[in-house]
$ cat query.csv   # CSV, C-alpha atoms
chain,number,residue,atom,x,y,z
C,28,MET,CA,155.9,159.1,-33.3
C,29,PHE,CA,156.0,156.2,-35.7
C,30,ALA,CA,155.8,152.8,-34.2
C,31,VAL,CA,157.1,150.1,-36.4
C,32,HIS,CA,155.4,146.7,-35.8
C,33,VAL,CA,157.6,143.9,-37.0
C,34,ALA,CA,156.6,140.3,-36.4
C,35,ASN,CA,159.2,137.8,-35.2
C,36,PRO,CA,160.7,136.4,-38.4
C,37,PHE,CA,161.6,133.1,-36.6
C,38,THR,CA,157.9,132.3,-35.8
C,39,ALA,CA,156.4,133.2,-39.2
C,40,LYS,CA,156.3,129.6,-40.4
C,41,LYS,CA,154.6,128.5,-37.2
C,42,ARG,CA,152.0,131.2,-37.6
C,43,GLU,CA,151.5,130.3,-41.2
C,44,ALA,CA,151.1,126.6,-40.4
C,45,ALA,CA,148.7,127.4,-37.6
C,46,ALA,CA,146.6,129.6,-39.9
C,47,ASP,CA,146.7,126.8,-42.6
C,48,ALA,CA,145.6,124.3,-40.0
C,49,ILE,CA,142.7,126.5,-38.9
C,50,ALA,CA,141.6,127.0,-42.6
C,51,LEU,CA,141.8,123.3,-43.3
C,52,ASP,CA,139.8,122.5,-40.2
C,53,LYS,CA,137.2,125.0,-41.1
C,54,HIS,CA,137.1,123.6,-44.7
C,55,ASP,CA,136.6,120.0,-43.4
C,56,ARG,CA,133.8,121.1,-41.1
C,57,GLU,CA,132.0,122.9,-43.9
C,58,ARG,CA,132.3,119.8,-46.2
C,59,ALA,CA,130.9,117.7,-43.4
C,60,ILE,CA,127.9,120.1,-43.1
C,61,GLN,CA,127.4,120.0,-46.9
C,62,GLU,CA,127.4,116.2,-46.9
C,63,ALA,CA,124.9,116.1,-44.1
C,64,THR,CA,122.7,118.6,-46.0
C,65,ARG,CA,123.0,116.4,-49.1
C,66,GLN,CA,122.0,113.3,-47.2
C,67,ASN,CA,119.0,115.1,-45.6
C,68,THR,CA,117.9,116.3,-49.0
C,69,TYR,CA,118.1,112.8,-50.4
C,70,SER,CA,116.2,111.3,-47.4
C,71,THR,CA,113.5,113.9,-47.9
C,72,THR,CA,113.1,113.0,-51.5
C,73,ALA,CA,113.1,109.3,-50.8
C,74,ARG,CA,110.4,109.7,-48.1
C,75,GLN,CA,108.2,111.8,-50.6
C,76,GLN,CA,108.6,109.2,-53.3
C,77,ALA,CA,107.8,106.3,-50.9
C,78,VAL,CA,104.6,108.1,-49.8
C,79,GLN,CA,103.7,108.8,-53.4
C,80,ARG,CA,104.2,105.1,-54.4
C,81,ASP,CA,101.9,104.1,-51.5
C,82,LEU,CA,99.2,106.5,-52.6
C,83,ASP,CA,99.5,105.3,-56.2
C,84,GLY,CA,98.2,101.9,-55.4
C,85,ASN,CA,100.8,99.9,-53.6
C,86,VAL,CA,98.7,99.9,-50.5
C,87,VAL,CA,97.7,96.5,-49.3
C,88,ARG,CA,94.0,96.2,-49.6
C,89,LYS,CA,91.5,93.6,-48.5
C,90,THR,CA,90.3,91.2,-51.1
C,91,GLY,CA,86.9,89.7,-51.3
C,92,ASN,CA,83.7,90.6,-49.5
C,93,SER,CA,84.2,91.6,-45.9
C,94,LYS,CA,80.8,90.1,-44.9
C,95,SER,CA,79.4,86.8,-46.1
C,96,LEU,CA,75.9,86.5,-47.5
C,97,ALA,CA,74.9,84.7,-44.4
C,98,GLU,CA,75.9,87.6,-42.2
C,99,ARG,CA,74.1,90.0,-44.4
C,100,ALA,CA,70.9,88.0,-44.4
C,101,ARG,CA,70.5,88.6,-40.7
C,102,PHE,CA,69.8,92.2,-41.3
C,103,GLN,CA,67.6,91.8,-44.4
C,104,PHE,CA,63.8,91.8,-44.2
C,105,GLU,CA,63.3,90.2,-47.6
C,106,ALA,CA,66.1,88.4,-49.3
C,107,ASP,CA,65.7,89.4,-52.9
C,108,SER,CA,68.1,90.5,-55.7
C,109,ASP,CA,67.4,94.2,-55.1
C,110,ASP,CA,68.5,93.9,-51.5
C,111,GLU,CA,71.6,92.0,-52.5
C,112,GLU,CA,72.6,94.7,-55.1
C,113,MET,CA,71.9,97.4,-52.5
C,114,GLU,CA,74.0,95.6,-49.9
C,115,ASN,CA,76.9,95.1,-52.4
C,116,GLU,CA,76.7,98.8,-53.4
C,117,ILE,CA,76.8,99.9,-49.7
C,118,ASP,CA,79.7,97.6,-49.0
C,119,ASP,CA,81.6,99.0,-52.1
C,120,ASN,CA,80.9,102.5,-50.9
C,121,LEU,CA,82.1,101.7,-47.4
C,122,GLU,CA,85.3,100.2,-48.8
C,123,ALA,CA,85.9,103.3,-50.9
C,124,ILE,CA,85.4,105.5,-47.8
C,125,ASP,CA,87.8,103.2,-45.9
C,126,ARG,CA,90.4,103.5,-48.6
C,127,GLY,CA,90.0,107.2,-48.8
C,128,ALA,CA,90.3,107.6,-45.0
C,129,ARG,CA,93.5,105.4,-45.1
C,130,VAL,CA,95.0,107.5,-47.8
C,131,LEU,CA,94.2,110.7,-45.9
C,132,ASN,CA,95.7,109.1,-42.7
C,133,GLN,CA,98.9,108.2,-44.6
C,134,LEU,CA,99.1,111.7,-46.1
C,135,GLY,CA,98.7,113.3,-42.7
C,136,LYS,CA,101.3,111.1,-41.1
C,137,ALA,CA,103.7,111.7,-44.0
C,138,MET,CA,103.1,115.4,-43.8
C,139,GLY,CA,103.8,115.4,-40.1
C,140,ASP,CA,107.0,113.4,-40.6
C,141,GLU,CA,108.1,115.8,-43.3
C,142,LEU,CA,107.4,118.8,-41.2
C,143,ASP,CA,109.4,117.4,-38.4
C,144,SER,CA,112.3,116.7,-40.7
C,145,GLN,CA,112.1,120.2,-42.3
C,146,ASN,CA,112.0,121.8,-38.8
C,147,LYS,CA,115.3,120.1,-38.1
C,148,HIS,CA,116.7,121.5,-41.3
C,149,LEU,CA,115.5,124.9,-40.5
C,150,LYS,CA,117.1,124.8,-37.0
C,151,ARG,CA,120.4,123.8,-38.6
C,152,VAL,CA,120.1,126.6,-41.2
C,153,GLY,CA,119.3,129.0,-38.3
C,154,VAL,CA,122.5,128.0,-36.5
C,155,LYS,CA,124.5,128.4,-39.7
C,156,THR,CA,123.1,131.9,-40.3
C,157,ASP,CA,123.9,132.9,-36.7
C,158,ASP,CA,127.5,131.6,-37.2
C,159,THR,CA,127.8,133.5,-40.5
C,160,ASP,CA,126.4,136.6,-38.9
C,161,ARG,CA,129.1,136.4,-36.2
C,162,ASP,CA,131.8,135.8,-38.8
C,163,ILE,CA,130.7,138.8,-40.8
C,164,MET,CA,130.7,141.0,-37.6
C,165,LEU,CA,134.2,139.8,-36.7
C,166,ASN,CA,135.5,140.4,-40.2
C,167,THR,CA,133.9,143.9,-40.2
C,168,GLN,CA,135.7,144.7,-37.0
C,169,ARG,CA,139.0,143.4,-38.3
C,170,LEU,CA,138.6,145.5,-41.5
C,171,LYS,CA,137.8,148.6,-39.4
C,172,ARG,CA,141.0,148.0,-37.3
C,173,ILE,CA,143.1,147.6,-40.5
C,174,HIS,CA,141.5,150.7,-42.0
C,175,ASP,CA,142.1,152.7,-38.8
C,176,ARG,CA,145.7,151.6,-38.7
C,177,GLY,CA,146.4,152.4,-42.3
$ encode --input "query.csv" --output "structure tokens"
Amino acid sequence: MFAVHVANPFTAKKREAAADAIALDKHDRERAIQEATRQNTYSTTARQQAVQRDLDGNVVRKTGNSKSLAERARFQFEADSDDEEMENEIDDNLEAIDRGARVLNQLGKAMGDELDSQNKHLKRVGVKTDDTDRDIMLNTQRLKRIHDRG
């Protein structure tokens, strides 16, 4: 009728020590995961700040005119001051376009790098949620067994 389940009193300390060791191991693994997450967050912030610094003007730019006046003279029909001004304006505009294209290129590369990094984070979070889902299922089953026994 009634079954009495009594654990061996001589192995209680071993079982308790084993359970403590498992709990400590789990705690250490969780702390390592938290530290890795913290480091990844820091590296993400550092990358974003580095890109922002580059975009704010720390990009190495060419100084001086890219073409000398002698090189420009080959393409001019009449060498007068209006042509020189127009050539200077064209050169300035081309340099502005070049700077803009470089900034866009840097932004695109930085965005790609950041997406790759965030995808790694998302994969890690996905694994963690799968593990948590399994733990919840196991604990639910244990609770059902305890409830059914009691």
$ atom_distance --input "query.csv" --atom1 "CA of Gln61 in chain C" --atom2 "CA of Ala77 in chain C"
24.2 Å
$ residues_around --input "query.csv" --residues "Gln145 in chain C" --least-positions-apart "6" --cutoff "12 Å" --atoms "only C-alpha atoms" --output "PDB file with C-alpha atoms, in the frame of the given file"
ATOM      1  CA  THR C  64     122.700 118.600 -46.000  1.00  0.00           C
ATOM      2  CA  ASN C  67     119.000 115.100 -45.600  1.00  0.00           C
ATOM      3  CA  THR C  68     117.900 116.300 -49.000  1.00  0.00           C
ATOM      4  CA  SER C  70     116.200 111.300 -47.400  1.00  0.00           C
ATOM      5  CA  THR C  71     113.500 113.900 -47.900  1.00  0.00           C
ATOM      6  CA  THR C  72     113.100 113.000 -51.500  1.00  0.00           C
ATOM      7  CA  MET C 138     103.100 115.400 -43.800  1.00  0.00           C
ATOM      8  CA  GLY C 139     103.800 115.400 -40.100  1.00  0.00           C
ATOM      9  CA  ARG C 151     120.400 123.800 -38.600  1.00  0.00           C
ATOM     10  CA  VAL C 152     120.100 126.600 -41.200  1.00  0.00           C
TER      11      VAL C 152
END
$ atom_distance --input "query.csv" --atom1 "CA of Ile163 in chain C" --atom2 "CA of Ala50 in chain C"
16.2 Å
$ residues_around --input "query.csv" --residues "Asp140 in chain C" --least-positions-apart "4" --cutoff "12 Å" --atoms "all atoms listed in the file" --output "compact mmCIF listing (two decimals) with C-alpha atoms, keeping the file's coordinate frame"
# COMPACT_ATOMS: atom_id res chain seq x y z
CA SER C 70 116.20 111.30 -47.40
CA THR C 71 113.50 113.90 -47.90
CA ARG C 74 110.40 109.70 -48.10
CA GLN C 75 108.20 111.80 -50.60
CA VAL C 78 104.60 108.10 -49.80
CA GLN C 133 98.90 108.20 -44.60
CA LEU C 134 99.10 111.70 -46.10
CA GLY C 135 98.70 113.30 -42.70
CA LYS C 136 101.30 111.10 -41.10
CA SER C 144 112.30 116.70 -40.70
CA GLN C 145 112.10 120.20 -42.30
CA ASN C 146 112.00 121.80 -38.80
CA LYS C 147 115.30 120.10 -38.10
$ atom_distance --input "query.csv" --atom1 "CA of Ala73 in chain C" --atom2 "CA of Ala128 in chain C"
23.6 Å
